[in-house]
file query.cif (mmCIF, C-alpha atoms and all ligand atoms)
data_final
#
loop_
_atom_site.label_atom_id
_atom_site.label_comp_id
_atom_site.auth_asym_id
_atom_site.auth_seq_id
_atom_site.Cartn_x
_atom_site.Cartn_y
_atom_site.Cartn_z
CA MET A 1 -21.44 12.00 -1.81
CA PRO A 2 -20.62 11.61 -5.51
CA LEU A 3 -18.28 8.99 -6.90
CA PRO A 4 -15.36 10.66 -8.66
CA ARG A 5 -15.54 11.58 -12.32
CA LEU A 6 -13.24 9.50 -14.53
CA GLU A 7 -10.19 11.59 -15.51
CA LEU A 8 -8.66 10.03 -18.62
CA TYR A 9 -6.14 12.80 -19.29
CA PRO A 10 -4.70 13.85 -15.92
CA GLN A 11 -2.38 16.80 -15.48
CA PHE A 12 0.61 14.47 -15.05
CA ASN A 13 1.02 10.76 -15.56
CA VAL A 14 1.43 8.59 -12.47
CA THR A 15 2.11 5.03 -13.65
CA ARG A 16 2.18 2.94 -10.50
CA ILE A 17 2.98 2.57 -6.83
CA SER A 18 6.76 2.44 -6.52
CA HIS A 19 8.13 2.15 -3.01
CA VAL A 20 7.67 2.67 0.72
CA VAL A 21 10.20 4.31 3.05
CA LEU A 22 10.05 3.14 6.68
CA THR A 23 12.16 3.69 9.76
CA CYS A 24 13.16 0.87 12.07
CA ARG A 25 14.90 0.68 15.41
CA ASP A 26 17.10 -2.36 14.63
CA LEU A 27 18.17 -2.61 11.00
CA ASP A 28 19.63 -6.09 11.45
CA ALA A 29 16.37 -7.42 12.87
CA SER A 30 14.32 -5.79 10.11
CA CYS A 31 16.59 -7.10 7.34
CA ALA A 32 16.41 -10.58 8.86
CA PHE A 33 12.60 -10.41 8.88
CA TYR A 34 12.11 -9.05 5.37
CA GLY A 35 15.01 -10.95 3.80
CA ASP A 36 15.47 -14.21 5.67
CA VAL A 37 11.85 -14.83 6.71
CA LEU A 38 9.68 -13.29 3.97
CA GLY A 39 12.16 -13.57 1.11
CA LEU A 40 12.67 -10.02 -0.19
CA VAL A 41 15.98 -9.33 -1.94
CA VAL A 42 18.43 -6.89 -0.36
CA SER A 43 19.68 -4.66 -3.19
CA ARG A 44 21.96 -2.56 -1.01
CA ARG A 45 22.78 -2.33 2.67
CA ASP A 46 24.93 0.20 4.52
CA HIS A 47 25.33 1.11 8.17
CA ASP A 48 21.94 2.78 8.62
CA SER A 49 19.87 1.97 5.52
CA ALA A 50 18.72 -1.04 3.55
CA TYR A 51 17.14 -1.13 0.09
CA LEU A 52 15.03 -4.16 -0.79
CA ARG A 53 13.06 -5.33 -3.80
CA GLY A 54 10.88 -8.23 -4.93
CA LEU A 55 12.28 -11.06 -7.02
CA GLU A 56 10.76 -9.88 -10.32
CA GLU A 57 11.50 -6.19 -9.82
CA ALA A 58 14.13 -4.48 -11.95
CA CYS A 59 13.88 -1.27 -9.92
CA HIS A 60 16.59 -0.83 -7.29
CA HIS A 61 14.14 -0.76 -4.39
CA SER A 62 10.51 -0.99 -3.44
CA LEU A 63 11.15 -0.97 0.30
CA VAL A 64 13.61 1.33 2.05
CA LEU A 65 14.46 0.82 5.72
CA ARG A 66 16.25 3.57 7.64
CA GLN A 67 17.48 2.96 11.16
CA SER A 68 16.20 5.53 13.63
CA GLU A 69 16.19 5.91 17.40
CA GLY A 70 12.67 7.31 17.59
CA ALA A 71 9.27 5.73 17.08
CA ALA A 72 9.05 3.77 13.85
CA VAL A 73 7.32 5.81 11.15
CA CYS A 74 6.68 5.89 7.44
CA LYS A 75 8.70 8.67 5.82
CA ALA A 76 7.01 8.50 2.43
CA ILE A 77 4.99 6.49 -0.07
CA GLY A 78 6.62 6.54 -3.51
CA PHE A 79 4.95 6.60 -6.93
CA ARG A 80 6.48 6.45 -10.37
CA VAL A 81 5.56 8.97 -13.06
CA LEU A 82 6.20 8.27 -16.72
CA THR A 83 8.74 10.97 -17.62
CA ASP A 84 10.77 13.79 -16.13
CA GLY A 85 8.31 16.14 -17.82
CA ASP A 86 5.57 14.67 -15.66
CA LEU A 87 7.59 15.70 -12.61
CA ASP A 88 7.64 19.28 -13.87
CA ARG A 89 3.89 19.13 -14.48
CA ALA A 90 3.44 17.70 -10.97
CA LYS A 91 5.41 20.64 -9.60
CA GLU A 92 3.07 23.03 -11.49
CA PHE A 93 0.05 21.11 -10.17
CA CYS A 94 1.30 21.62 -6.62
CA TYR A 95 1.87 25.33 -7.26
CA ARG A 96 -1.63 25.81 -8.74
CA ASN A 97 -3.26 23.95 -5.86
CA ASN A 98 -1.12 25.42 -3.09
CA ILE A 99 0.28 22.00 -2.12
CA ARG A 100 3.41 21.91 0.01
CA ASN A 101 6.23 20.31 -2.02
CA GLU A 102 9.99 20.23 -2.50
CA TRP A 103 12.66 18.52 -4.57
CA ARG A 104 14.68 16.06 -2.48
CA GLU A 105 17.99 14.39 -3.28
CA THR A 106 17.16 10.69 -2.95
CA PRO A 107 19.71 7.88 -3.37
CA TYR A 108 19.28 5.60 -6.41
CA GLN A 109 16.37 7.71 -7.72
CA GLY A 110 16.28 10.42 -10.34
CA ARG A 111 14.73 13.78 -9.58
CA THR A 112 12.29 13.23 -6.72
CA LEU A 113 9.41 15.54 -5.83
CA HIS A 114 8.12 15.26 -2.28
CA LEU A 115 4.60 16.50 -1.58
CA ILE A 116 1.59 16.11 0.68
CA ASP A 117 -1.39 14.33 -0.92
CA GLY A 118 -5.11 14.90 -0.45
CA SER A 119 -5.20 12.66 2.62
CA GLY A 120 -2.33 14.53 4.32
CA SER A 121 0.12 11.71 3.62
CA PRO A 122 3.72 12.39 2.50
CA ILE A 123 4.32 11.00 -0.98
CA GLU A 124 7.21 11.28 -3.40
CA LEU A 125 7.29 11.05 -7.19
CA CYS A 126 10.17 10.00 -9.38
CA ALA A 127 10.44 9.10 -13.05
CA THR A 128 13.62 7.05 -12.91
CA MET A 129 15.44 4.72 -10.55
CA GLU A 130 18.61 2.67 -10.89
CA THR A 131 17.95 -0.84 -12.13
CA LEU A 132 19.24 -4.28 -11.23
CA PRO A 133 18.72 -7.71 -12.82
CA ARG A 134 15.30 -9.27 -12.35
CA LEU A 135 15.62 -12.46 -10.28
CA MET A 136 12.28 -14.03 -11.21
CA GLN A 137 14.03 -17.00 -12.82
CA SER A 138 16.69 -17.34 -10.13
CA PHE A 139 14.60 -19.99 -8.45
CA ASP A 140 17.52 -20.93 -6.23
CA LYS A 141 17.04 -17.54 -4.50
CA PHE A 142 13.32 -18.04 -3.81
CA HIS A 143 12.66 -18.16 -0.09
CA GLY A 144 9.84 -17.62 2.40
CA GLY A 145 6.91 -16.25 0.41
CA SER A 146 9.13 -15.42 -2.57
CA PRO A 147 7.63 -11.91 -2.89
CA GLN A 148 7.67 -10.76 -6.50
CA ARG A 149 6.73 -7.08 -6.62
CA LEU A 150 5.20 -4.30 -4.57
CA ASP A 151 1.56 -4.04 -5.62
CA HIS A 152 -0.23 -1.53 -3.38
CA VAL A 153 -0.39 0.36 -0.13
CA GLN A 154 -3.32 1.07 2.16
CA VAL A 155 -3.69 4.25 4.19
CA THR A 156 -6.18 5.00 6.95
CA ALA A 157 -7.62 8.43 6.29
CA PHE A 158 -9.90 10.77 8.20
CA ASP A 159 -11.62 12.13 5.07
CA ILE A 160 -12.08 9.40 2.46
CA GLN A 161 -13.93 11.66 0.03
CA ALA A 162 -11.07 14.20 0.01
CA ALA A 163 -8.45 11.48 -0.48
CA CYS A 164 -10.50 9.89 -3.27
CA ASP A 165 -11.10 13.20 -5.06
CA PHE A 166 -7.38 14.07 -4.98
CA TYR A 167 -6.30 10.82 -6.62
CA ALA A 168 -9.23 10.77 -9.04
CA GLU A 169 -8.06 14.14 -10.37
CA LEU A 170 -4.67 12.50 -11.01
CA GLY A 171 -6.29 9.82 -13.15
CA PHE A 172 -6.62 7.08 -10.55
CA ARG A 173 -9.68 4.91 -11.25
CA LEU A 174 -12.05 3.69 -8.60
CA THR A 175 -12.29 -0.10 -8.92
CA GLU A 176 -14.15 -0.97 -5.71
CA TYR A 177 -15.53 0.96 -2.78
CA THR A 178 -17.19 0.42 0.57
CA ALA A 179 -20.01 2.69 1.68
CA ARG A 180 -22.07 2.93 4.80
CA ASP A 181 -25.12 0.71 4.23
CA GLY A 182 -27.83 2.37 2.20
CA THR A 183 -25.78 5.51 1.56
CA ASP A 184 -23.03 6.79 -0.71
CA GLU A 185 -20.91 7.82 2.27
CA LEU A 186 -17.50 6.42 1.41
CA TRP A 187 -15.83 4.22 4.02
CA GLY A 188 -13.08 2.90 1.76
CA VAL A 189 -11.85 3.38 -1.82
CA TRP A 190 -9.66 1.14 -3.99
CA LEU A 191 -7.85 3.22 -6.61
CA GLN A 192 -5.54 2.17 -9.43
CA ARG A 193 -3.33 3.38 -12.25
CA LYS A 194 -1.60 0.18 -13.36
CA GLY A 195 -4.56 -1.89 -14.52
CA ASN A 196 -5.35 -4.10 -11.55
CA PRO A 197 -7.61 -3.36 -8.58
CA HIS A 198 -5.40 -1.03 -6.58
CA ASP A 199 -2.23 0.98 -6.28
CA ILE A 200 -3.50 2.79 -3.20
CA VAL A 201 -6.41 2.15 -0.85
CA PHE A 202 -7.91 4.56 1.65
CA SER A 203 -9.93 3.15 4.54
CA ASN A 204 -11.82 5.15 7.10
CA GLY A 205 -9.98 5.65 10.38
CA ARG A 206 -7.71 7.85 12.45
CA GLY A 207 -5.28 9.17 9.94
CA PRO A 208 -3.50 9.62 7.82
CA ARG A 209 -1.42 6.57 8.75
CA LEU A 210 0.07 3.73 6.71
CA HIS A 211 -2.07 0.65 7.26
CA HIS A 212 -0.04 -1.80 5.16
CA PHE A 213 1.94 -2.37 2.01
CA ALA A 214 1.58 -5.50 -0.10
CA TYR A 215 3.75 -7.77 -2.25
CA THR A 216 2.55 -10.39 -4.70
CA VAL A 217 3.66 -14.03 -4.42
CA PRO A 218 3.83 -16.52 -7.30
CA GLU A 219 1.42 -19.18 -6.08
CA VAL A 220 -0.97 -20.05 -3.26
CA ARG A 221 1.55 -22.46 -1.79
CA ASP A 222 3.99 -19.56 -1.33
CA LEU A 223 1.58 -17.93 1.11
CA ILE A 224 1.46 -21.12 3.14
CA HIS A 225 5.22 -21.58 2.85
CA ALA A 226 5.78 -18.04 4.13
CA CYS A 227 3.74 -18.93 7.21
CA ASP A 228 5.64 -22.18 7.68
CA VAL A 229 9.02 -20.49 7.32
CA ALA A 230 7.99 -17.71 9.71
CA ALA A 231 6.90 -20.31 12.28
CA SER A 232 10.06 -22.37 11.89
CA MET A 233 12.16 -19.23 12.42
CA GLY A 234 10.36 -18.25 15.61
CA CYS A 235 8.20 -15.58 13.98
CA ALA A 236 4.76 -17.23 14.20
CA SER A 237 3.57 -14.38 16.39
CA ARG A 238 4.28 -11.95 13.54
CA MET A 239 1.43 -13.49 11.53
CA GLU A 240 -1.48 -11.18 12.20
CA ARG A 241 -4.27 -12.28 9.89
CA GLY A 242 -5.02 -15.09 7.48
CA PRO A 243 -4.48 -16.85 5.26
CA GLY A 244 -7.84 -15.92 3.80
CA ARG A 245 -9.48 -14.45 0.74
CA HIS A 246 -10.67 -10.87 0.41
CA GLY A 247 -13.98 -10.25 -1.33
CA ILE A 248 -12.59 -6.92 -2.49
CA GLY A 249 -9.90 -7.55 -5.09
CA ASN A 250 -10.40 -11.33 -4.88
CA ALA A 251 -6.97 -11.73 -3.27
CA LEU A 252 -5.72 -14.64 -1.19
CA PHE A 253 -3.79 -12.97 1.61
CA VAL A 254 -1.75 -13.21 4.77
CA TYR A 255 -0.64 -10.25 6.91
CA PHE A 256 2.49 -9.99 9.02
CA ARG A 257 3.77 -7.33 11.42
CA ASP A 258 7.48 -6.58 11.18
CA PRO A 259 9.73 -6.11 14.26
CA ASP A 260 8.59 -2.47 14.54
CA GLY A 261 4.91 -3.22 13.97
CA HIS A 262 4.77 -2.12 10.34
CA ARG A 263 2.19 -4.28 8.55
CA ILE A 264 3.00 -6.15 5.33
CA GLU A 265 0.62 -8.23 3.26
CA LEU A 266 1.60 -11.09 0.97
CA PHE A 267 -1.08 -12.00 -1.52
CA ASN A 268 -1.81 -13.53 -4.88
CA THR A 269 -4.53 -13.40 -7.48
CA HIS A 270 -6.02 -10.19 -8.73
CA TYR A 271 -8.00 -9.23 -11.76
CA GLN A 272 -7.32 -6.96 -14.69
CA THR A 273 -9.26 -3.73 -15.00
CA ILE A 274 -8.22 -1.35 -17.76
CA ASP A 275 -11.34 -0.47 -19.73
CA PRO A 276 -12.73 2.93 -18.68
CA ASP A 277 -16.29 1.60 -18.75
CA ASP A 278 -15.56 -1.00 -16.05
CA PRO A 279 -18.00 0.03 -13.31
CA PRO A 280 -16.66 0.17 -9.74
CA ILE A 281 -17.90 -2.59 -7.43
CA ARG A 282 -19.86 -1.38 -4.40
CA TRP A 283 -19.80 -3.11 -1.01
CA ASP A 284 -21.90 -2.38 2.07
CA LEU A 285 -19.77 -1.82 5.15
CA THR A 286 -21.62 -4.51 7.12
CA ASP A 287 -21.14 -7.12 4.38
CA THR A 288 -18.34 -9.16 5.92
CA ARG A 289 -17.61 -10.84 2.57
CA ARG A 290 -15.94 -7.63 1.42
CA SER A 291 -13.01 -8.10 3.82
CA GLN A 292 -13.06 -11.92 3.91
CA LEU A 293 -14.99 -13.98 1.39
CA TRP A 294 -14.63 -16.85 3.82
CA GLY A 295 -13.18 -17.21 7.29
CA LEU A 296 -13.39 -15.02 10.35
CA PRO A 297 -13.33 -11.20 10.36
CA ALA A 298 -10.14 -9.38 11.22
CA THR A 299 -9.43 -8.34 14.78
CA ARG A 300 -10.11 -4.79 15.88
CA ALA A 301 -6.32 -4.27 16.08
CA TRP A 302 -6.03 -5.01 12.34
CA PHE A 303 -8.46 -2.22 11.60
CA VAL A 304 -7.21 0.43 14.04
CA GLU A 305 -3.44 -0.08 14.38
CA ALA A 306 -1.26 1.55 11.73
CA THR A 307 2.10 3.25 11.18
CA PRO A 308 2.31 7.03 11.75
CA PHE A 309 3.69 9.21 8.97
CA GLU A 310 6.75 11.20 9.96
CA GLY A 311 5.77 14.65 11.17
CA VAL A 312 2.06 14.16 10.47
CA GLU A 313 -0.52 14.29 13.23
CA ALA A 314 -3.31 11.76 12.77
CA VAL A 315 -6.86 12.91 13.49
CA GLU A 316 -10.14 11.11 14.08
CA PRO A 317 -12.27 10.26 11.03
CA LEU A 318 -15.15 12.44 9.90
CA LEU A 319 -17.31 9.36 9.33
CA GLN A 320 -18.21 7.41 12.44
CA ALA A 321 -18.92 3.92 11.10
CA ASP A 322 -17.25 0.77 12.39
CA PRO A 323 -16.65 -2.41 10.39
CA VAL A 324 -17.47 -5.85 11.76
CA THR A 325 -14.46 -7.04 13.75
CA LEU A 326 -13.64 -10.49 15.08
CA GLU A 327 -14.55 -9.25 18.55
CA THR A 328 -18.00 -7.95 17.54
CA PHE A 329 -18.62 -11.02 15.38
CA LEU A 330 -17.89 -13.40 18.27
CA ALA A 331 -19.94 -11.32 20.70
CA ASN A 332 -22.92 -11.65 18.38
CA GLN A 333 -22.54 -15.48 18.38
CA MET A 334 -23.08 -15.68 22.15
FE FE B 401 -3.85 -5.00 0.73
#
call {"tool": "encode", "arguments": {"input": "query.cif", "output": "structure tokens"}}
result
Amino acid sequence: MPLPRLELYPQFNVTRISHVVLTCRDLDASCAFYGDVLGLVVSRRDHDSAYLRGLEEACHHSLVLRQSEGAAVCKAIGFRVLTDGDLDRAKEFCYRNNIRNEWRETPYQGRTLHLIDGSGSPIELCATMETLPRLMQSFDKFHGGSPQRLDHVQVTAFDIQAACDFYAELGFRLTEYTARDGTDELWGVWLQRKGNPHDIVFSNGRGPRLHHFAYTVPEVRDLIHACDVAASMGCASRMERGPGRHGIGNALFVYFRDPDGHRIELFNTHYQTIDPDDPPIRWDLTDTRRSQLWGLPATRAWFVEATPFEGVEAVEPLLQADPVTLETFLANQM
């Protein structure tokens, strides 16, 4: 299957990943986890919603939590576009391509266009959002991992090629990809608009579902401190994977599961990739260095468990190709 053609002048200008909207069953418990344990800033809280942001973010929110009685889901992944005109062009794009979409009134955001992307995931686009002071120099407020900004999301998708082609047409650049050994069959794609390795990742699996969302931290010690704080607050069991270093993206990482099972990654280090002639980096699926440059592979649960999207039925992947899990790795050591 072909890698996507580079689209330097897309039909509308997406600038970056913006926010994630999740439901939770106990808003107090979720706010305690994200605020008191991990260190996100609560911008606004009311009886059934909370809006959080990283310490360096001027935008009102990068994480929205809405209390709900039902199963915890992801309601939408948010992206920013450059101008209101780009929203109009996005609306025309949806019309031309017969993509389901609608304008939605959304608190603290300007005009917001909700649509279904090429993976079947619900996404929303806005050009403006209320702002608040950046707290990156309010060191007295740093806590837990001191998360600075939302950097990317990862989605499990049943058709990686379709997801990749959709975002490539919107100007997203492929920075790294995983293919089944000896083939160009895509197992995972790392796509970006903001000049570092990824705004959104699609990995092969039952989907679409939200696999995780990720915040940057200032320094390596903040990853360790987040783990220590989580342990001291009785949340050690919420640490799912790491710390470790990904081969892909070169990120030091640790993954947590929140009280509803939503997965969040804290990480640092990345590299810049802006020049259009930067070639994408290819990884074989069986090369375990792609997921961890050192350390043990992730558990099977890390690969297969994910958050459903509201109202979206997940389906089995077209490509049947399994990564090396901790369980298979250990079995092969016997
Ligand atoms: Fe990630």
call {"tool": "closest_residue", "arguments": {"input": "query.cif", "among": "A:Val220, A:Val153, A:Ile123, A:Leu252", "to": "ligand FE 401 (chain B)", "atoms": "all atoms listed in the file"}}
result
A:Val153
call {"tool": "residues_near_point", "arguments": {"input": "query.cif", "point": "(-10.8, 11.0, -3.1)", "cutoff": "9 Å", "atoms": "only C-alpha atoms", "output": "list in words"}}
result
Leu3, Pro4, Gly118, Ser119, Asp159, Ile160, Gln161, Ala162, Ala163, Cys164, Asp165, Phe166, Tyr167, Ala168, Glu169, Val189 and Phe202 of chain A
call {"tool": "atom_distance", "arguments": {"input": "query.cif", "atom1": "atom CA of Glu130 of chain A", "atom2": "atom CA of Pro107 of chain A"}}
result
9.2 Å
call {"tool": "closest_residue", "arguments": {"input": "query.cif", "among": "A:Glu92, A:Asp151, A:Glu305, A:Asp84", "to": "ligand FE 401 (chain B)", "atoms": "only C-alpha atoms and all ligand atoms"}}
result
A:Asp151
call {"tool": "closest_residue", "arguments": {"input": "query.cif", "among": "A:Ser62, A:Gln154, A:Ser237, A:Thr178", "to": "ligand FE 401 (chain B)", "atoms": "all atoms listed in the file"}}
result
A:Gln154
call {"tool": "atom_distance", "arguments": {"input": "query.cif", "atom1": "atom CA of His270 of chain A", "atom2": "atom CA of Glu57 of chain A"}}
result
18.0 Å
call {"tool": "residues_near_ligand", "arguments": {"input": "query.cif", "ligand": "ligand FE 401 (chain B)", "cutoff": "7 Å", "atoms": "only C-alpha atoms and all ligand atoms", "output": "list in words"}}
result
His152, Val153, Gln154, His212, Phe213, Ala214 and Glu265 of chain A
call {"tool": "atom_distance", "arguments": {"input": "query.cif", "atom1": "atom CA of Ile77 of chain A", "atom2": "atom CA of Leu191 of chain A"}}
result
14.8 Å
call {"tool": "residues_around", "arguments": {"input": "query.cif", "residues": "Asn250 of chain A", "least_positions_apart": "2", "cutoff": "9 Å", "atoms": "only C-alpha atoms", "output": "list of chain:residue names"}}
result
A:Arg245, A:His246, A:Gly247, A:Ile248, A:Leu252, A:Asn268, A:Thr269, A:His270, A:Tyr271, A:Leu293
call {"tool": "residues_around", "arguments": {"input": "query.cif", "residues": "Arg257 of chain A", "least_positions_apart": "4", "cutoff": "9 Å", "atoms": "only C-alpha atoms", "output": "number ranges by chain"}}
result
A: 237-240, 261-265
call {"tool": "closest_residue", "arguments": {"input": "query.cif", "among": "A:Glu7, A:Asp258, A:Asp46, A:Glu316", "to": "Tyr34 of chain A", "atoms": "all atoms listed in the file"}}
result
A:Asp258
call {"tool": "closest_residue", "arguments": {"input": "query.cif", "among": "A:Val229, A:Leu170, A:Cys59, A:Val312", "to": "Gly39 of chain A", "atoms": "all atoms listed in the file"}}
result
A:Val229
call {"tool": "closest_residue", "arguments": {"input": "query.cif", "among": "A:Leu8, A:Ile99, A:Ala306, A:Leu87", "to": "Ala157 of chain A", "atoms": "all atoms listed in the file"}}
result
A:Ala306
call {"tool": "closest_atom_pairs", "arguments": {"input": "query.cif", "of": "segment 185-210 of chain A", "to": "segment 67-75 of chain A", "cutoff": "12 Å", "atoms": "only C-alpha atoms", "output": "tab-separated table"}}
result
residue	atom	partner	partner_atom	distance
A:Pro208	CA	A:Cys74	CA	10.8
A:Arg209	CA	A:Cys74	CA	8.2
A:Leu210	CA	A:Cys74	CA	7.0
call {"tool": "residues_around", "arguments": {"input": "query.cif", "residues": "Gly242 of chain A", "least_positions_apart": "2", "cutoff": "12 Å", "atoms": "only C-alpha atoms", "output": "number ranges by chain"}}
result
A: 223-224, 226-227, 238-240, 244-246, 251-256, 265-267, 291-299, 302
call {"tool": "residues_around", "arguments": {"input": "query.cif", "residues": "Leu82 of chain A", "least_positions_apart": "5", "cutoff": "12 Å", "atoms": "only C-alpha atoms", "output": "PDB file with C-alpha atoms, in the frame of the given file"}}
result
ATOM      1  CA  PHE A  12       0.610  14.470 -15.050  1.00  0.00           C
ATOM      2  CA  ASN A  13       1.020  10.760 -15.560  1.00  0.00           C
ATOM      3  CA  VAL A  14       1.430   8.590 -12.470  1.00  0.00           C
ATOM      4  CA  THR A  15       2.110   5.030 -13.650  1.00  0.00           C
ATOM      5  CA  ARG A  16       2.180   2.940 -10.500  1.00  0.00           C
ATOM      6  CA  ILE A  17       2.980   2.570  -6.830  1.00  0.00           C
ATOM      7  CA  SER A  18       6.760   2.440  -6.520  1.00  0.00           C
ATOM      8  CA  LEU A  87       7.590  15.700 -12.610  1.00  0.00           C
ATOM      9  CA  ASP A  88       7.640  19.280 -13.870  1.00  0.00           C
ATOM     10  CA  ARG A  89       3.890  19.130 -14.480  1.00  0.00           C
ATOM     11  CA  ALA A  90       3.440  17.700 -10.970  1.00  0.00           C
ATOM     12  CA  LEU A 125       7.290  11.050  -7.190  1.00  0.00           C
ATOM     13  CA  CYS A 126      10.170  10.000  -9.380  1.00  0.00           C
ATOM     14  CA  ALA A 127      10.440   9.100 -13.050  1.00  0.00           C
ATOM     15  CA  THR A 128      13.620   7.050 -12.910  1.00  0.00           C
ATOM     16  CA  MET A 129      15.440   4.720 -10.550  1.00  0.00           C
ATOM     17  CA  ARG A 193      -3.330   3.380 -12.250  1.00  0.00           C
ATOM     18  CA  LYS A 194      -1.600   0.180 -13.360  1.00  0.00           C
TER      19      LYS A 194
END
